[in-house]
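For reference, run27.csv is printed below; it contains CSV, C-alpha atoms and all ligand atoms.
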```csv
chain,number,residue,atom,x,y,z
M,1,MET,CA,63.3,51.6,82.8
M,2,THR,CA,61.1,52.1,79.7
M,3,THR,CA,60.7,49.4,77.1
M,4,PHE,CA,62.4,51.8,74.6
M,5,VAL,CA,65.5,52.0,76.8
M,6,LEU,CA,65.6,48.2,77.4
M,7,ASP,CA,65.3,47.6,73.6
M,8,GLN,CA,68.2,50.0,73.0
M,9,LEU,CA,70.4,48.3,75.6
M,10,MET,CA,69.5,44.9,74.1
M,11,ALA,CA,70.3,46.2,70.6
M,12,ALA,CA,73.7,47.6,71.8
M,13,ALA,CA,74.5,44.2,73.4
M,14,GLN,CA,73.6,42.3,70.3
M,15,ARG,CA,75.8,44.6,68.2
M,16,LEU,CA,78.8,43.9,70.5
M,17,VAL,CA,78.1,40.1,70.4
M,18,ASN,CA,77.6,40.0,66.6
M,19,SER,CA,80.8,42.0,65.9
M,20,ALA,CA,83.0,39.9,68.3
M,21,THR,CA,85.3,37.0,67.2
M,22,ARG,CA,85.7,35.5,70.6
M,23,VAL,CA,82.8,35.5,73.1
M,24,VAL,CA,83.3,34.1,76.6
M,25,CYS,CA,80.5,33.6,79.1
M,26,PHE,CA,81.4,33.8,82.8
M,27,SER,CA,78.4,32.5,84.8
M,28,GLY,CA,77.2,32.0,88.3
M,29,ALA,CA,74.4,30.6,90.3
M,30,GLY,CA,71.8,32.9,88.6
M,31,LEU,CA,72.3,31.0,85.4
M,32,SER,CA,70.7,27.9,87.0
M,33,ALA,CA,68.1,29.8,89.2
M,34,GLU,CA,65.3,29.4,86.6
M,35,SER,CA,66.0,25.6,86.6
M,36,GLY,CA,65.2,25.6,90.3
M,37,VAL,CA,68.8,25.4,91.6
M,38,PRO,CA,69.1,27.8,94.6
M,39,THR,CA,71.5,30.8,94.4
M,40,PHE,CA,73.9,31.6,97.3
M,41,ARG,CA,73.5,35.4,97.7
M,42,ASP,CA,70.4,37.0,96.2
M,43,ALA,CA,68.2,39.4,98.1
M,44,GLN,CA,65.4,38.6,95.6
M,45,ALA,CA,65.5,34.8,95.8
M,46,ASP,CA,62.2,33.1,96.7
M,47,GLY,CA,62.6,31.4,100.0
M,48,GLY,CA,66.0,33.0,100.6
M,49,ALA,CA,69.4,32.2,99.1
M,50,LEU,CA,71.6,29.4,100.5
M,51,TRP,CA,74.1,31.5,102.4
M,52,VAL,CA,71.2,33.3,104.2
M,53,LYS,CA,69.9,29.9,105.5
M,54,PHE,CA,73.2,28.0,106.0
M,55,ASP,CA,76.6,28.9,107.3
M,56,PRO,CA,79.1,28.5,104.5
M,57,MET,CA,82.0,28.0,107.0
M,58,MET,CA,80.1,25.0,108.4
M,59,LEU,CA,79.2,23.4,105.1
M,60,ALA,CA,81.7,24.6,102.5
M,61,SER,CA,85.1,24.8,104.2
M,62,PRO,CA,87.8,22.2,105.2
M,63,ARG,CA,87.2,23.2,108.9
M,64,GLY,CA,83.4,22.5,108.5
M,65,PHE,CA,84.2,19.1,107.0
M,66,GLU,CA,86.6,18.3,109.9
M,67,ARG,CA,83.9,19.3,112.4
M,68,ASP,CA,81.0,17.4,111.0
M,69,PRO,CA,81.7,15.4,107.9
M,70,GLU,CA,78.4,13.7,107.8
M,71,ALA,CA,76.4,16.9,107.9
M,72,VAL,CA,78.6,18.3,105.0
M,73,VAL,CA,78.1,15.2,102.8
M,74,GLU,CA,74.4,15.1,103.6
M,75,TRP,CA,74.0,18.8,102.6
M,76,TYR,CA,75.8,18.2,99.3
M,77,ASN,CA,73.7,15.1,98.7
M,78,TRP,CA,70.5,17.2,99.2
M,79,ARG,CA,71.9,19.7,96.6
M,80,ARG,CA,72.8,16.8,94.3
M,81,ARG,CA,69.3,15.5,94.3
M,82,ALA,CA,68.0,19.0,93.5
M,83,VAL,CA,70.4,19.2,90.5
M,84,ALA,CA,69.3,15.7,89.4
M,85,GLU,CA,65.7,16.9,89.2
M,86,ALA,CA,66.5,20.2,87.5
M,87,ARG,CA,66.4,20.6,83.8
M,88,PRO,CA,68.5,23.1,81.7
M,89,ASN,CA,66.7,26.3,81.1
M,90,ALA,CA,66.5,28.6,78.1
M,91,ALA,CA,69.8,30.4,79.0
M,92,HIS,CA,71.7,27.1,79.2
M,93,ARG,CA,70.3,26.1,75.9
M,94,ALA,CA,71.1,29.4,74.2
M,95,LEU,CA,74.7,29.2,75.4
M,96,ALA,CA,75.0,25.6,74.3
M,97,ALA,CA,73.6,26.4,70.9
M,98,ALA,CA,76.2,29.2,70.4
M,99,ARG,CA,79.0,26.7,69.6
M,100,SER,CA,81.8,29.2,69.5
M,101,ILE,CA,81.2,30.6,73.0
M,102,VAL,CA,83.6,29.4,75.7
M,103,ASN,CA,81.8,28.8,79.0
M,104,VAL,CA,83.7,29.6,82.2
M,105,THR,CA,81.3,28.9,85.1
M,106,GLN,CA,81.4,29.0,88.9
M,107,ASN,CA,78.6,26.5,88.9
M,108,VAL,CA,79.2,23.0,90.2
M,109,ASP,CA,76.1,21.6,88.4
M,110,ASP,CA,76.1,20.0,85.0
M,111,LEU,CA,73.2,21.9,83.4
M,112,LEU,CA,75.3,23.5,80.7
M,113,GLU,CA,76.6,20.1,79.6
M,114,ARG,CA,73.1,18.6,79.7
M,115,ALA,CA,72.0,21.4,77.4
M,116,GLY,CA,74.8,20.3,75.0
M,117,ALA,CA,77.6,22.7,75.8
M,118,VAL,CA,81.1,21.3,75.2
M,119,ASP,CA,84.4,22.3,76.9
M,120,VAL,CA,82.8,24.0,79.9
M,121,ILE,CA,85.5,25.3,82.4
M,122,HIS,CA,84.3,24.6,85.9
M,123,LEU,CA,86.3,27.0,88.2
M,124,HIS,CA,84.7,25.6,91.4
M,125,GLY,CA,84.7,21.9,90.6
M,126,SER,CA,81.7,19.6,90.2
M,127,ILE,CA,79.2,18.0,92.6
M,128,ALA,CA,79.0,15.0,90.2
M,129,VAL,CA,82.3,13.7,91.7
M,130,ASP,CA,83.8,12.9,95.1
M,131,HIS,CA,87.6,12.8,95.8
M,132,CYS,CA,89.7,11.7,98.6
M,133,GLU,CA,90.2,14.5,101.3
M,134,HIS,CA,93.9,13.9,101.1
M,135,ARG,CA,93.9,14.1,97.2
M,136,CYS,CA,95.6,10.7,96.9
M,137,GLY,CA,94.3,10.6,93.3
M,138,CYS,CA,91.1,8.7,94.1
M,139,VAL,CA,88.1,10.3,92.3
M,140,GLU,CA,84.6,8.7,92.0
M,141,ALA,CA,81.7,9.7,89.8
M,142,ILE,CA,78.5,10.3,91.7
M,143,ASP,CA,75.0,9.4,90.6
M,144,LEU,CA,73.2,12.7,91.5
M,145,LYS,CA,69.9,10.9,92.0
M,146,ASN,CA,71.4,8.4,94.5
M,147,PRO,CA,74.5,10.0,96.0
M,148,LEU,CA,76.7,8.0,98.3
M,149,PRO,CA,76.9,8.7,102.1
M,150,LEU,CA,80.2,9.6,103.9
M,151,ARG,CA,82.6,6.7,103.4
M,152,PRO,CA,86.4,6.0,103.5
M,153,CYS,CA,88.6,6.4,100.5
M,154,PRO,CA,89.2,3.1,98.8
M,155,ASN,CA,92.9,3.8,98.6
M,156,CYS,CA,93.5,5.4,102.0
M,157,GLY,CA,91.0,3.4,104.1
M,158,PRO,CA,90.0,4.8,107.5
M,159,ARG,CA,92.8,7.5,107.3
M,160,GLY,CA,90.9,9.3,104.5
M,161,ARG,CA,87.3,10.1,103.6
M,162,MET,CA,85.7,10.8,100.3
M,163,ARG,CA,84.4,14.4,100.0
M,164,PRO,CA,82.5,16.4,97.3
M,165,GLY,CA,84.7,17.5,94.4
M,166,VAL,CA,84.0,21.2,94.8
M,167,VAL,CA,86.2,24.1,95.8
M,168,TRP,CA,85.6,25.2,99.4
M,169,PHE,CA,86.3,28.5,101.0
M,170,GLY,CA,90.0,28.8,101.8
M,171,GLU,CA,91.0,26.3,99.0
M,172,SER,CA,92.7,27.0,95.7
M,173,LEU,CA,91.0,26.7,92.4
M,174,PRO,CA,92.1,23.8,90.1
M,175,ASP,CA,95.2,24.9,88.2
M,176,ASP,CA,94.0,23.6,84.8
M,177,ALA,CA,90.6,25.3,85.1
M,178,TRP,CA,92.1,28.6,86.3
M,179,MET,CA,94.7,28.7,83.5
M,180,ALA,CA,92.1,27.9,80.8
M,181,ALA,CA,89.7,30.5,82.2
M,182,GLU,CA,92.4,33.2,82.4
M,183,TYR,CA,93.5,32.5,78.8
M,184,ALA,CA,89.9,32.6,77.6
M,185,CYS,CA,89.1,35.8,79.3
M,186,ARG,CA,92.3,37.5,78.3
M,187,SER,CA,91.7,36.7,74.7
M,188,SER,CA,88.0,37.5,74.6
M,189,ASP,CA,86.4,40.4,72.7
M,190,VAL,CA,83.2,40.2,74.6
M,191,LEU,CA,82.7,38.8,78.1
M,192,LEU,CA,79.1,37.9,79.0
M,193,VAL,CA,78.8,38.0,82.8
M,194,VAL,CA,75.6,36.0,83.6
M,195,GLY,CA,73.9,35.5,87.0
M,196,THR,CA,76.8,36.1,89.4
M,197,SER,CA,77.1,38.5,92.4
M,198,ALA,CA,80.8,38.8,91.4
M,199,VAL,CA,82.0,38.8,95.0
M,200,VAL,CA,83.9,35.6,95.2
M,201,TYR,CA,87.6,35.9,94.2
M,202,PRO,CA,89.7,34.9,92.4
M,203,ALA,CA,86.9,34.0,90.0
M,204,ALA,CA,85.3,37.5,90.0
M,205,GLY,CA,88.7,38.9,89.1
M,206,LEU,CA,88.3,37.5,85.6
M,207,ILE,CA,85.9,40.3,84.7
M,208,GLY,CA,88.5,43.0,85.4
M,209,LEU,CA,91.1,40.9,83.6
M,210,ALA,CA,89.0,40.6,80.5
M,211,ARG,CA,88.2,44.3,80.6
M,212,MET,CA,91.9,45.3,81.0
M,213,SER,CA,92.7,43.0,78.1
M,214,GLY,CA,90.3,44.9,75.9
M,215,ALA,CA,87.0,43.0,76.1
M,216,ARG,CA,83.7,44.7,76.3
M,217,ILE,CA,81.6,43.5,79.2
M,218,ILE,CA,77.9,42.7,79.0
M,219,VAL,CA,76.3,41.9,82.4
M,220,ILE,CA,73.0,40.0,82.6
M,221,ASN,CA,71.5,39.8,86.1
M,222,THR,CA,68.1,40.3,87.7
M,223,GLN,CA,69.6,43.1,89.8
M,224,SER,CA,72.8,45.2,90.0
M,225,SER,CA,75.8,43.4,91.3
M,226,ASP,CA,79.6,44.0,91.9
M,227,ALA,CA,80.0,43.5,88.1
M,228,SER,CA,77.8,46.5,87.3
M,229,ALA,CA,80.6,49.0,87.6
M,230,LEU,CA,82.6,47.1,84.9
M,231,ALA,CA,79.7,46.8,82.4
M,232,ASP,CA,79.7,48.4,79.0
M,233,VAL,CA,76.1,47.2,78.8
M,234,GLU,CA,74.0,45.9,81.7
M,235,LEU,CA,70.8,44.0,80.9
M,236,ILE,CA,68.6,43.7,84.0
M,237,GLY,CA,66.3,40.6,83.9
M,238,PRO,CA,66.2,36.8,84.1
M,239,ALA,CA,68.9,35.1,82.1
M,240,GLY,CA,66.4,32.6,80.7
M,241,GLU,CA,64.5,35.5,79.1
M,242,ILE,CA,67.5,37.6,78.0
M,243,MET,CA,70.0,35.1,76.7
M,244,PRO,CA,68.0,33.5,73.8
M,245,GLY,CA,67.4,37.0,72.3
M,246,LEU,CA,70.9,38.1,72.9
M,247,LEU,CA,72.4,35.1,71.2
M,248,SER,CA,69.8,34.6,68.4
X,301,LIG,P1,75.5,34.2,94.0
X,301,LIG,O1,74.4,33.5,94.6
X,301,LIG,O2,76.4,34.9,94.8
X,301,LIG,O3,74.9,35.3,92.9
X,301,LIG,C1,73.8,34.9,92.1
X,301,LIG,C2,73.5,36.1,91.3
X,301,LIG,O4,72.5,35.7,90.3
X,301,LIG,C3,72.9,37.3,92.0
X,301,LIG,O5,73.6,38.4,91.7
X,301,LIG,C4,71.4,37.3,91.5
X,301,LIG,O6,70.9,38.6,91.4
X,301,LIG,C5,71.5,36.7,90.2
X,301,LIG,N1,70.3,36.0,89.6
X,301,LIG,C6,69.4,35.3,90.3
X,301,LIG,N2,68.5,34.8,89.5
X,301,LIG,C7,68.8,35.2,88.2
X,301,LIG,C8,68.3,34.9,87.0
X,301,LIG,N3,67.2,34.2,86.8
X,301,LIG,N4,68.9,35.5,85.9
X,301,LIG,C9,70.1,36.2,86.0
X,301,LIG,N5,70.6,36.5,87.3
X,301,LIG,C10,70.0,36.0,88.3
X,301,LIG,O7,76.2,33.1,93.0
X,301,LIG,P2,77.7,33.2,92.4
X,301,LIG,O8,78.1,34.5,92.0
X,301,LIG,O9,77.7,32.1,91.5
X,301,LIG,O10,81.1,28.8,95.5
X,301,LIG,O11,78.5,32.8,93.7
X,301,LIG,C11,79.9,32.5,93.6
X,301,LIG,C12,80.3,31.4,94.4
X,301,LIG,O12,79.9,31.6,95.8
X,301,LIG,C13,79.7,30.0,94.0
X,301,LIG,O13,80.4,29.4,93.0
X,301,LIG,C14,79.8,29.2,95.3
X,301,LIG,C15,79.4,30.3,96.3
X,301,LIG,O14,80.0,30.1,97.6
X,301,LIG,C16,81.3,27.4,95.5
X,301,LIG,O15,80.5,26.6,95.3
X,301,LIG,C17,82.8,27.1,95.7
```
Output the file's structure as structure tokens, nothing else.
Amino acid sequence: MTTFVLDQLMAAAQRLVNSATRVVCFSGAGLSAESGVPTFRDAQADGGALWVKFDPMMLASPRGFERDPEAVVEWYNWRRRAVAEARPNAAHRALAAARSIVNVTQNVDDLLERAGAVDVIHLHGSIAVDHCEHRCGCVEAIDLKNPLPLRPCPNCGPRGRMRPGVVWFGESLPDDAWMAAEYACRSSDVLLVVGTSAVVYPAAGLIGLARMSGARIIVINTQSSDASALADVELIGPAGEIMPGLLS
């Protein structure tokens, strides 16, 4: 694509953002890629995306935890240390600086918050907490630099173990996060879809919901994705390069 066409697309996206009253950003792993946090599915990822190297059913499902809980906790602890070392990138900072933007993210890292964003809706939970596998109500904050190994729940004892506070395959999304995200997307004028393959449901369904509710869709990704077909404007490139200009 020529520089002229790219400039025209950026100008069109800026016009949509600047004329909108309610802008929502729906983000995925690509938002944190330039911070060094690996993506899950990304043919262009250096060294391969996570779900190319690891089996999600072994590491991110209740059955995988049942089969080998230590391996699951160790894998999440490896990712926790990676997030602890990561710093917010220019895309996180641009979103945080745009105070009126509501952030709905599939990411389980805390890089938007560390950039200064408030009221981030985490659809898939957070790796900065553990909770009891039986959801007895016990939740513990985790120091990402020094995460705790597999251990029993302080309430349930040996009958229950603490597990990462993320949504696994086959599990429901947290009700409060889902309802807040649905409301935000339904009432948005513009939905920015940043760094997501848009293949994991129900989260990806928010794009269609926003569109059906009248929002214009701007997709930012390094390559085409399942969100491309819904885009009014698609900006192909790294979020860290595109977002500061788009939101300036
Ligand atoms: P994916 O890894 O599926 O998709 C990441 C997307 O980001 C790809 O489409 C890349 O092309 C794009 N991308 C990579 N680098 C980028 C950059 N610098 N700028 C812009 N785009 C970039 O990640 P998600 O869509 O977030 O679930 O995956 C959805 C869910 O699947 C995750 O939340 C996770 C996973 O299983 C849980 O953790 C529960």
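In terms of minimum interatomic distance to M:Val23, M:Arg99 ranks closest within M:His134, M:Arg99, M:Arg163, M:His122, counting only C-alpha atoms.
The closest residue to ligand LIG 301 (chain X), picked from M:Val120, M:Ile127, M:Ala94, M:Leu246 and counting only C-alpha atoms and all ligand atoms, is M:Ile127.
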(message) With all atoms listed in the file as the counted atoms, please give the residues lying no more than 10 Å from M:Tyr201, apart from itself and same-chain residues fewer than 4 positions off, as a list of chain:residue names.
(response) M:Leu173, M:Gly205, M:Leu206
The selected residues should be written to file as a short mmCIF file (atom, residue, chain, number, x, y, z; two decimals), in the coordinates of the input (atoms: C-alpha atoms).
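This is the output file part.cif:
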```cif
data_model
loop_
_atom_site.label_atom_id
_atom_site.label_comp_id
_atom_site.auth_asym_id
_atom_site.auth_seq_id
_atom_site.Cartn_x
_atom_site.Cartn_y
_atom_site.Cartn_z
CA LEU M 173 91.00 26.70 92.40
CA GLY M 205 88.70 38.90 89.10
CA LEU M 206 88.30 37.50 85.60
#
```
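Closest to ligand LIG 301 (chain X) among M:Ala115, M:Ala210, M:Leu192, M:Ala98 is M:Leu192, based on all atoms listed in the file.
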(message) Here is a test: counting only C-alpha atoms, which residue of M:Trp75, M:Trp168, M:Phe40, M:Phe4 is nearest to M:Ser61?
(response) M:Trp168
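Omitting M:Arg186 and its sequence neighbours fewer than 5 positions away, and counting all atoms listed in the file, the residues within 8 Å are M:Leu209, M:Ala210, M:Ser213, M:Ala215.
Distances from M:Ala96, M:Ala60, M:Leu230, M:Cys153 to ligand LIG 301 (chain X) were compared using all atoms listed in the file, and the smallest one belongs to M:Ala60.
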(request) Compile the contact shell of M:Arg151 as a VMD selection string: residues with an atom at most 9 Å away, counting all atoms listed in the file, same-chain residues fewer than 4 positions apart removed. (result) chain M and resid 158 160 to 163
Could you add whatever atoms are missing so that stretch 223-234 of chain M carries all heavy atoms, then write the result as a PDB file, keeping the file's coordinate frame?
```
ATOM      1  N   GLN M 223      69.435  41.899  89.039  1.00  0.00           N
ATOM      2  CA  GLN M 223      69.600  43.100  89.800  1.00  0.00           C
ATOM      3  C   GLN M 223      71.073  43.607  89.637  1.00  0.00           C
ATOM      4  O   GLN M 223      71.894  42.874  89.077  1.00  0.00           O
ATOM      5  CB  GLN M 223      69.327  42.882  91.296  1.00  0.00           C
ATOM      6  CG  GLN M 223      70.180  41.780  91.900  1.00  0.00           C
ATOM      7  CD  GLN M 223      69.636  41.273  93.232  1.00  0.00           C
ATOM      8  OE1 GLN M 223      69.347  42.072  94.116  1.00  0.00           O
ATOM      9  NE2 GLN M 223      69.494  39.956  93.360  1.00  0.00           N
ATOM     10  N   SER M 224      71.382  44.792  90.128  1.00  0.00           N
ATOM     11  CA  SER M 224      72.800  45.200  90.000  1.00  0.00           C
ATOM     12  C   SER M 224      73.649  44.393  90.913  1.00  0.00           C
ATOM     13  O   SER M 224      73.181  43.800  91.886  1.00  0.00           O
ATOM     14  CB  SER M 224      72.889  46.732  90.286  1.00  0.00           C
ATOM     15  OG  SER M 224      72.489  46.970  91.599  1.00  0.00           O
ATOM     16  N   SER M 225      74.922  44.315  90.571  1.00  0.00           N
ATOM     17  CA  SER M 225      75.800  43.400  91.300  1.00  0.00           C
ATOM     18  C   SER M 225      77.220  44.087  91.287  1.00  0.00           C
ATOM     19  O   SER M 225      77.398  45.184  90.744  1.00  0.00           O
ATOM     20  CB  SER M 225      75.943  42.090  90.532  1.00  0.00           C
ATOM     21  OG  SER M 225      76.581  42.291  89.282  1.00  0.00           O
ATOM     22  N   ASP M 226      78.191  43.410  91.849  1.00  0.00           N
ATOM     23  CA  ASP M 226      79.600  44.000  91.900  1.00  0.00           C
ATOM     24  C   ASP M 226      80.139  44.040  90.442  1.00  0.00           C
ATOM     25  O   ASP M 226      81.172  44.665  90.250  1.00  0.00           O
ATOM     26  CB  ASP M 226      80.467  43.129  92.763  1.00  0.00           C
ATOM     27  CG  ASP M 226      80.349  43.571  94.219  1.00  0.00           C
ATOM     28  OD1 ASP M 226      79.278  44.098  94.586  1.00  0.00           O
ATOM     29  OD2 ASP M 226      81.316  43.391  94.980  1.00  0.00           O
ATOM     30  N   ALA M 227      79.496  43.375  89.481  1.00  0.00           N
ATOM     31  CA  ALA M 227      80.000  43.500  88.100  1.00  0.00           C
ATOM     32  C   ALA M 227      79.438  44.710  87.389  1.00  0.00           C
ATOM     33  O   ALA M 227      79.953  45.102  86.337  1.00  0.00           O
ATOM     34  CB  ALA M 227      79.547  42.212  87.315  1.00  0.00           C
ATOM     35  N   SER M 228      78.434  45.359  87.977  1.00  0.00           N
ATOM     36  CA  SER M 228      77.800  46.500  87.300  1.00  0.00           C
ATOM     37  C   SER M 228      78.743  47.581  86.902  1.00  0.00           C
ATOM     38  O   SER M 228      78.672  48.136  85.797  1.00  0.00           O
ATOM     39  CB  SER M 228      76.667  47.075  88.172  1.00  0.00           C
ATOM     40  OG  SER M 228      75.727  46.093  88.524  1.00  0.00           O
ATOM     41  N   ALA M 229      79.665  47.884  87.814  1.00  0.00           N
ATOM     42  CA  ALA M 229      80.600  49.000  87.600  1.00  0.00           C
ATOM     43  C   ALA M 229      81.523  48.735  86.397  1.00  0.00           C
ATOM     44  O   ALA M 229      82.090  49.673  85.848  1.00  0.00           O
ATOM     45  CB  ALA M 229      81.403  49.271  88.835  1.00  0.00           C
ATOM     46  N   LEU M 230      81.685  47.469  86.032  1.00  0.00           N
ATOM     47  CA  LEU M 230      82.600  47.100  84.900  1.00  0.00           C
ATOM     48  C   LEU M 230      81.857  46.956  83.601  1.00  0.00           C
ATOM     49  O   LEU M 230      82.479  46.680  82.575  1.00  0.00           O
ATOM     50  CB  LEU M 230      83.343  45.822  85.266  1.00  0.00           C
ATOM     51  CG  LEU M 230      84.276  45.878  86.476  1.00  0.00           C
ATOM     52  CD1 LEU M 230      84.791  44.483  86.817  1.00  0.00           C
ATOM     53  CD2 LEU M 230      85.441  46.814  86.200  1.00  0.00           C
ATOM     54  N   ALA M 231      80.530  47.096  83.640  1.00  0.00           N
ATOM     55  CA  ALA M 231      79.700  46.800  82.400  1.00  0.00           C
ATOM     56  C   ALA M 231      79.767  47.861  81.388  1.00  0.00           C
ATOM     57  O   ALA M 231      79.645  49.042  81.710  1.00  0.00           O
ATOM     58  CB  ALA M 231      78.286  46.511  82.866  1.00  0.00           C
ATOM     59  N   ASP M 232      79.929  47.459  80.139  1.00  0.00           N
ATOM     60  CA  ASP M 232      79.700  48.400  79.000  1.00  0.00           C
ATOM     61  C   ASP M 232      78.183  48.449  78.778  1.00  0.00           C
ATOM     62  O   ASP M 232      77.646  49.500  78.460  1.00  0.00           O
ATOM     63  CB  ASP M 232      80.397  47.875  77.762  1.00  0.00           C
ATOM     64  CG  ASP M 232      81.905  48.016  77.894  1.00  0.00           C
ATOM     65  OD1 ASP M 232      82.385  49.146  77.794  1.00  0.00           O
ATOM     66  OD2 ASP M 232      82.577  47.001  78.138  1.00  0.00           O
ATOM     67  N   VAL M 233      77.529  47.281  78.897  1.00  0.00           N
ATOM     68  CA  VAL M 233      76.100  47.200  78.800  1.00  0.00           C
ATOM     69  C   VAL M 233      75.562  46.315  79.899  1.00  0.00           C
ATOM     70  O   VAL M 233      76.093  45.218  80.095  1.00  0.00           O
ATOM     71  CB  VAL M 233      75.605  46.638  77.432  1.00  0.00           C
ATOM     72  CG1 VAL M 233      74.082  46.638  77.345  1.00  0.00           C
ATOM     73  CG2 VAL M 233      76.199  47.402  76.261  1.00  0.00           C
ATOM     74  N   GLU M 234      74.547  46.766  80.620  1.00  0.00           N
ATOM     75  CA  GLU M 234      74.000  45.900  81.700  1.00  0.00           C
ATOM     76  C   GLU M 234      72.493  45.659  81.309  1.00  0.00           C
ATOM     77  O   GLU M 234      71.716  46.603  81.095  1.00  0.00           O
ATOM     78  CB  GLU M 234      74.052  46.612  83.022  1.00  0.00           C
ATOM     79  CG  GLU M 234      73.565  45.714  84.148  1.00  0.00           C
ATOM     80  CD  GLU M 234      73.892  46.252  85.535  1.00  0.00           C
ATOM     81  OE1 GLU M 234      73.772  47.483  85.753  1.00  0.00           O
ATOM     82  OE2 GLU M 234      74.258  45.462  86.412  1.00  0.00           O
TER      83      GLU M 234
END
```
